[in-house]
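In what follows, a structure is listed as structure tokens, so that the remarks can point back to it.
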Protein chains: 2
Amino acid sequence: MTDEQGILFILSGPSGVGKGTVRKELFNQITDLKYSISMTTRDRRTGEINGVDYFYKTKQEFEHLIEQNQLLEYAQYVNNYYGTPRAYVEETLAAGHDVFLEIEVQGALQVKENFPEGVFIFLFPPSLEELKNRIVDRGTESTDLVLNRLNEAKNEIKQMNAYDYVVVNDQVDVAVTKIQSIIQSEHLKRERIEQQYKKFLEDEIS
Amino acid sequence: MTDEQGILFILSGPSGVGKGTVRKELFNQITDLKYSISMTTRDRRTGEINGVDYFYKTKQEFEHLIEQNQLLEYAQYVNNYYGTPRAYVEETLAAGHDVFLEIEVQGALQVKENFPEGVFIFLFPPSLEELKNRIVDRGTESTDLVLNRLNEAKNEIKQMNAYDYVVVNDQVDVAVTKIQSIIQSEHLKRERIEQQYKKFLEDEIS
């Protein structure tokens with residue numbers, strides 16, 4: 001007895017917390033999770049494949065999809081749109097696959113509005129000190145910029161109320177194990193499999 | 001960051017589904033889960049220890065506790081009371097330990113009324129056919145009795161709406177892994193650790 005519909009899992013958290021690393025390690029271990037493919041208006045680079053790396057659209061096409069509420073979230077960077085197409089997510093879920101989306105906090109909050117039935121996981125820094133170290137390690141940002149980004153992280157942490165689960169990223173492998181537990185237990189929720197047990201009850205006792 | 005309070009997990013399901021086997025295997029693997037100790041009015045047998053095997057009480061003491069709503073559930077069998085004392089559960093949870101209770105469906109529904117913040121797991125038979133085989137294998141019950149118990153099981157399955165999770169017991173080790181996922185992910189729920197992240201936000205950025 002399993003639910004036939006897949007589940008959309010959203011991994012988010014402040015920048016510098018290590019979302020990308022956790023997502024990569026998760027995909028090294030789980031194979032039946034589908035990574036959400038983004039849509040973009042930026043040019044396709046050599047070697048990139050439409051429908052694998054991104055769905056490539058013109059600006060006009062993209063804006064048309066925005067108007068039709070066909071994006072679970074989107075943003076603009078350097079004159080290009082990037083977003084999560086609703087159709088791909090819904091079709092993949094309907095085919096019984098879980099979809100996994102790793103995304104910034106602002107994007108996750110948009111997804112929450114457009115797809116509240118998703119399971120929202122907040123990746124949390126072990127401490128503010130550690131988050132500061134990670135931001136500093138990343139590059140050559142000035143003290144002011146580091147403080148700005150830390151304050152931004154604090155504001156993002158205040159958005160945590162929109163999330164279902166919180167996973168502290170102190171060790172990547174531990175965080176991945178916890179996310180796997182969330183994925184497994186979400187499939188065991190009673191309300192997801194109500195249809196199946198109703199079928200069970202209709203069976204004849206032989 | 002962890003929640004400081006333990007969680008009460010209730011494993012239940014129709015008779016014959018294998019609750020005891022799953023519970024034993026779970027306790028072979030997890031050590032920091034505390035098994036809920038029952039209270040009884042039956043005589044203490046040689047070798048049994050008060051507060052380990054059971055809490056032993058007189059009939060009068062037990063009935064006094066019932067009046068004071070000090071039992072999460074109770075039932076009478078062969079002139080003796082058996083029940084789950086609220087105080088032991090609450091003290092163990094307050095000390096930061098999870099408590100695990102394996103119980104019949106009727107008892108679980110009483111616990112649900114008295115302690116709705118518990119996490120209720122329904123152990124589900126792989127099929128009615130399999131459940132029938134298990135009931136038949138148990139002993140020398142007549143065909144009528146087997147059919148009665150199967151109908152009772154069907155009625156108990158209809159109570160599943162009161163539960164949070166459903167785990168199919170097709171293989172004991174798989175069922176145990178699923179229950180472990182539930183235990184882990186419940187501790188990751190955002191609302192359980194809200195206090196901790198509020199403390200985090202009060203930290204100074206150094």
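Chain labels run A, B, ... following the order of the structure tokens; each chain numbers its residues from 1, and ligands are numbered from 1 in the order shown.
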
Strand (DSSP E or B) per DSSP on the backbone: members of range 100-205 of chain A, as a VMD selection string: chain A and resid 100 to 102 119 to 124 165 to 168 189

Write a file of the selected residues as a short mmCIF file (atom, residue, chain, number, x, y, z; two decimals), in the first residue's frame, keeping all heavy atoms.
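Output contents, as saved in part-v1.cif:
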```
data_model
loop_
_atom_site.label_atom_id
_atom_site.label_comp_id
_atom_site.auth_asym_id
_atom_site.auth_seq_id
_atom_site.Cartn_x
_atom_site.Cartn_y
_atom_site.Cartn_z
N PHE A 100 12.07 17.11 -6.25
CA PHE A 100 12.89 17.80 -5.25
C PHE A 100 13.35 19.14 -5.82
O PHE A 100 13.89 19.21 -6.92
CB PHE A 100 14.10 16.93 -4.91
CG PHE A 100 14.84 17.41 -3.69
CD1 PHE A 100 14.44 17.01 -2.43
CD2 PHE A 100 15.93 18.25 -3.81
CE1 PHE A 100 15.11 17.44 -1.30
CE2 PHE A 100 16.61 18.70 -2.69
CZ PHE A 100 16.20 18.29 -1.43
N LEU A 101 13.13 20.17 -5.04
CA LEU A 101 13.45 21.52 -5.48
C LEU A 101 14.36 22.16 -4.44
O LEU A 101 14.01 22.22 -3.26
CB LEU A 101 12.13 22.30 -5.60
CG LEU A 101 12.15 23.75 -6.04
CD1 LEU A 101 12.82 23.90 -7.39
CD2 LEU A 101 10.72 24.28 -6.12
N GLU A 102 15.53 22.60 -4.88
CA GLU A 102 16.44 23.31 -3.96
C GLU A 102 16.43 24.77 -4.37
O GLU A 102 16.68 25.09 -5.53
CB GLU A 102 17.85 22.73 -4.08
CG GLU A 102 18.89 23.45 -3.23
CD GLU A 102 20.14 23.77 -4.01
OE1 GLU A 102 20.61 22.93 -4.79
OE2 GLU A 102 20.64 24.91 -3.85
N VAL A 119 6.11 19.82 0.66
CA VAL A 119 6.70 19.63 1.99
C VAL A 119 7.95 20.51 2.06
O VAL A 119 8.90 20.31 1.29
CB VAL A 119 7.05 18.15 2.23
CG1 VAL A 119 7.80 17.97 3.54
CG2 VAL A 119 5.78 17.31 2.22
N PHE A 120 7.93 21.48 2.96
CA PHE A 120 8.95 22.53 2.99
C PHE A 120 9.96 22.26 4.09
O PHE A 120 9.61 22.18 5.27
CB PHE A 120 8.29 23.90 3.16
CG PHE A 120 7.49 24.30 1.94
CD1 PHE A 120 6.23 23.78 1.72
CD2 PHE A 120 8.03 25.18 0.99
CE1 PHE A 120 5.50 24.12 0.58
CE2 PHE A 120 7.31 25.52 -0.15
CZ PHE A 120 6.04 24.98 -0.36
N ILE A 121 11.22 22.12 3.68
CA ILE A 121 12.31 21.79 4.62
C ILE A 121 13.27 22.97 4.68
O ILE A 121 13.78 23.42 3.64
CB ILE A 121 13.08 20.53 4.17
CG1 ILE A 121 12.10 19.35 3.99
CG2 ILE A 121 14.18 20.17 5.16
CD1 ILE A 121 12.72 18.14 3.31
N PHE A 122 13.51 23.46 5.88
CA PHE A 122 14.41 24.59 6.07
C PHE A 122 15.76 24.07 6.55
O PHE A 122 15.85 23.39 7.57
CB PHE A 122 13.82 25.53 7.12
CG PHE A 122 14.47 26.89 7.15
CD1 PHE A 122 13.98 27.93 6.37
CD2 PHE A 122 15.57 27.13 7.97
CE1 PHE A 122 14.57 29.19 6.40
CE2 PHE A 122 16.17 28.38 8.00
CZ PHE A 122 15.67 29.42 7.21
N LEU A 123 16.81 24.36 5.80
CA LEU A 123 18.16 23.95 6.21
C LEU A 123 18.73 25.07 7.08
O LEU A 123 18.78 26.23 6.68
CB LEU A 123 19.02 23.71 4.97
CG LEU A 123 20.27 22.84 5.17
CD1 LEU A 123 19.91 21.43 5.62
CD2 LEU A 123 21.10 22.80 3.90
N PHE A 124 19.13 24.68 8.27
CA PHE A 124 19.46 25.66 9.31
C PHE A 124 20.96 25.61 9.60
O PHE A 124 21.54 24.54 9.68
CB PHE A 124 18.68 25.27 10.57
CG PHE A 124 18.44 26.41 11.52
CD1 PHE A 124 17.32 27.21 11.38
CD2 PHE A 124 19.30 26.66 12.57
CE1 PHE A 124 17.07 28.26 12.26
CE2 PHE A 124 19.07 27.70 13.45
CZ PHE A 124 17.94 28.51 13.29
N TYR A 165 9.51 21.43 8.21
CA TYR A 165 10.60 20.76 8.93
C TYR A 165 11.83 21.67 8.98
O TYR A 165 12.02 22.50 8.10
CB TYR A 165 10.99 19.46 8.23
CG TYR A 165 9.92 18.40 8.23
CD1 TYR A 165 9.08 18.25 7.13
CD2 TYR A 165 9.75 17.55 9.32
CE1 TYR A 165 8.10 17.27 7.11
CE2 TYR A 165 8.77 16.57 9.31
CZ TYR A 165 7.95 16.43 8.21
OH TYR A 165 6.97 15.47 8.19
N VAL A 166 12.66 21.43 9.98
CA VAL A 166 13.92 22.14 10.10
C VAL A 166 15.04 21.11 10.28
O VAL A 166 14.97 20.25 11.16
CB VAL A 166 13.91 23.10 11.30
CG1 VAL A 166 15.25 23.82 11.41
CG2 VAL A 166 12.77 24.10 11.18
N VAL A 167 16.04 21.20 9.43
CA VAL A 167 17.19 20.29 9.51
C VAL A 167 18.45 21.15 9.70
O VAL A 167 18.72 22.04 8.90
CB VAL A 167 17.31 19.45 8.22
CG1 VAL A 167 18.62 18.66 8.19
CG2 VAL A 167 16.12 18.51 8.09
N VAL A 168 19.17 20.87 10.77
CA VAL A 168 20.40 21.59 11.01
C VAL A 168 21.51 20.97 10.17
O VAL A 168 21.70 19.76 10.18
CB VAL A 168 20.79 21.55 12.51
CG1 VAL A 168 22.12 22.25 12.73
CG2 VAL A 168 19.71 22.21 13.34
N LYS A 189 2.12 9.11 5.81
CA LYS A 189 1.05 9.87 6.46
C LYS A 189 -0.31 9.30 6.07
O LYS A 189 -0.57 9.04 4.90
CB LYS A 189 1.14 11.35 6.07
CG LYS A 189 2.25 12.04 6.85
CD LYS A 189 2.01 13.53 6.88
CE LYS A 189 2.91 14.19 7.91
NZ LYS A 189 2.95 15.65 7.67
#
```

With only C-alpha atoms considered, list every residue of chain A at most 9 Å from chain B, as an NGL selection string. :A and (1 or 121-122 or 126-129 or 132 or 147 or 150-151 or 154 or 157-158 or 160-161 or 163-168 or 178-191 or 193-194 or 197-198 or 200-201 or 203-206)

Members of range 92-171 of chain A assigned helix (DSSP H, G or I) by DSSP, as a VMD selection string: chain A and resid 92 to 94 105 to 114 128 to 138 143 to 162

Within 6 Å of range 82-96 of chain B, counting only C-alpha atoms, which residues show up once you throw out same-chain ones fewer than 2 positions away? Write them as a PyMOL selection string, please. chain B and resi 4-6+38-40+70-75+98

I need the chosen residues saved as a CSV table (one decimal), in the first residue's frame, with N, CA, C and O atoms.
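Output contents, as saved in part17.csv:
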```csv
chain,number,residue,atom,x,y,z
B,4,GLU,N,13.6,19.8,23.4
B,4,GLU,CA,14.0,19.3,24.7
B,4,GLU,C,13.0,18.3,25.2
B,4,GLU,O,13.4,17.5,26.0
B,5,GLN,N,11.8,18.4,24.7
B,5,GLN,CA,10.7,17.6,25.2
B,5,GLN,C,10.7,16.3,24.4
B,5,GLN,O,10.9,16.3,23.2
B,6,GLY,N,10.4,15.1,25.0
B,6,GLY,CA,10.3,13.9,24.3
B,6,GLY,C,8.9,13.8,23.6
B,6,GLY,O,8.1,14.7,23.8
B,38,SER,N,3.1,-0.1,32.1
B,38,SER,CA,1.7,-0.1,32.5
B,38,SER,C,1.5,-0.2,34.0
B,38,SER,O,2.4,-0.6,34.7
B,39,MET,N,0.3,0.1,34.3
B,39,MET,CA,-0.1,0.0,35.7
B,39,MET,C,-1.1,-1.1,35.8
B,39,MET,O,-2.0,-1.3,34.9
B,40,THR,N,-1.1,-1.9,36.9
B,40,THR,CA,-2.1,-3.0,37.0
B,40,THR,C,-2.5,-3.3,38.4
B,40,THR,O,-1.7,-2.9,39.3
B,70,GLN,N,-5.9,10.2,35.7
B,70,GLN,CA,-4.5,10.0,35.8
B,70,GLN,C,-4.1,8.8,34.9
B,70,GLN,O,-2.9,8.3,35.0
B,71,LEU,N,-5.0,8.3,34.1
B,71,LEU,CA,-4.6,7.2,33.2
B,71,LEU,C,-4.9,7.6,31.8
B,71,LEU,O,-6.0,8.1,31.5
B,72,LEU,N,-4.0,7.4,30.9
B,72,LEU,CA,-4.2,7.8,29.5
B,72,LEU,C,-5.1,6.9,28.8
B,72,LEU,O,-5.8,7.2,27.9
B,73,GLU,N,-5.2,5.6,29.3
B,73,GLU,CA,-6.2,4.6,28.9
B,73,GLU,C,-6.2,3.5,29.9
B,73,GLU,O,-5.2,3.4,30.6
B,74,TYR,N,-7.3,2.8,30.0
B,74,TYR,CA,-7.3,1.6,30.9
B,74,TYR,C,-8.4,0.7,30.4
B,74,TYR,O,-9.3,1.1,29.6
B,75,ALA,N,-8.3,-0.6,30.8
B,75,ALA,CA,-9.3,-1.6,30.5
B,75,ALA,C,-9.3,-2.6,31.6
B,75,ALA,O,-8.3,-2.6,32.5
B,98,ASP,N,11.8,10.0,24.5
B,98,ASP,CA,10.6,9.6,23.8
B,98,ASP,C,10.0,8.4,24.5
B,98,ASP,O,10.7,7.6,25.0
```

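CA of Ser12 in chain B to CA of Gly107 in chain B spans 8.7 Å [interatomic distance, one decimal].
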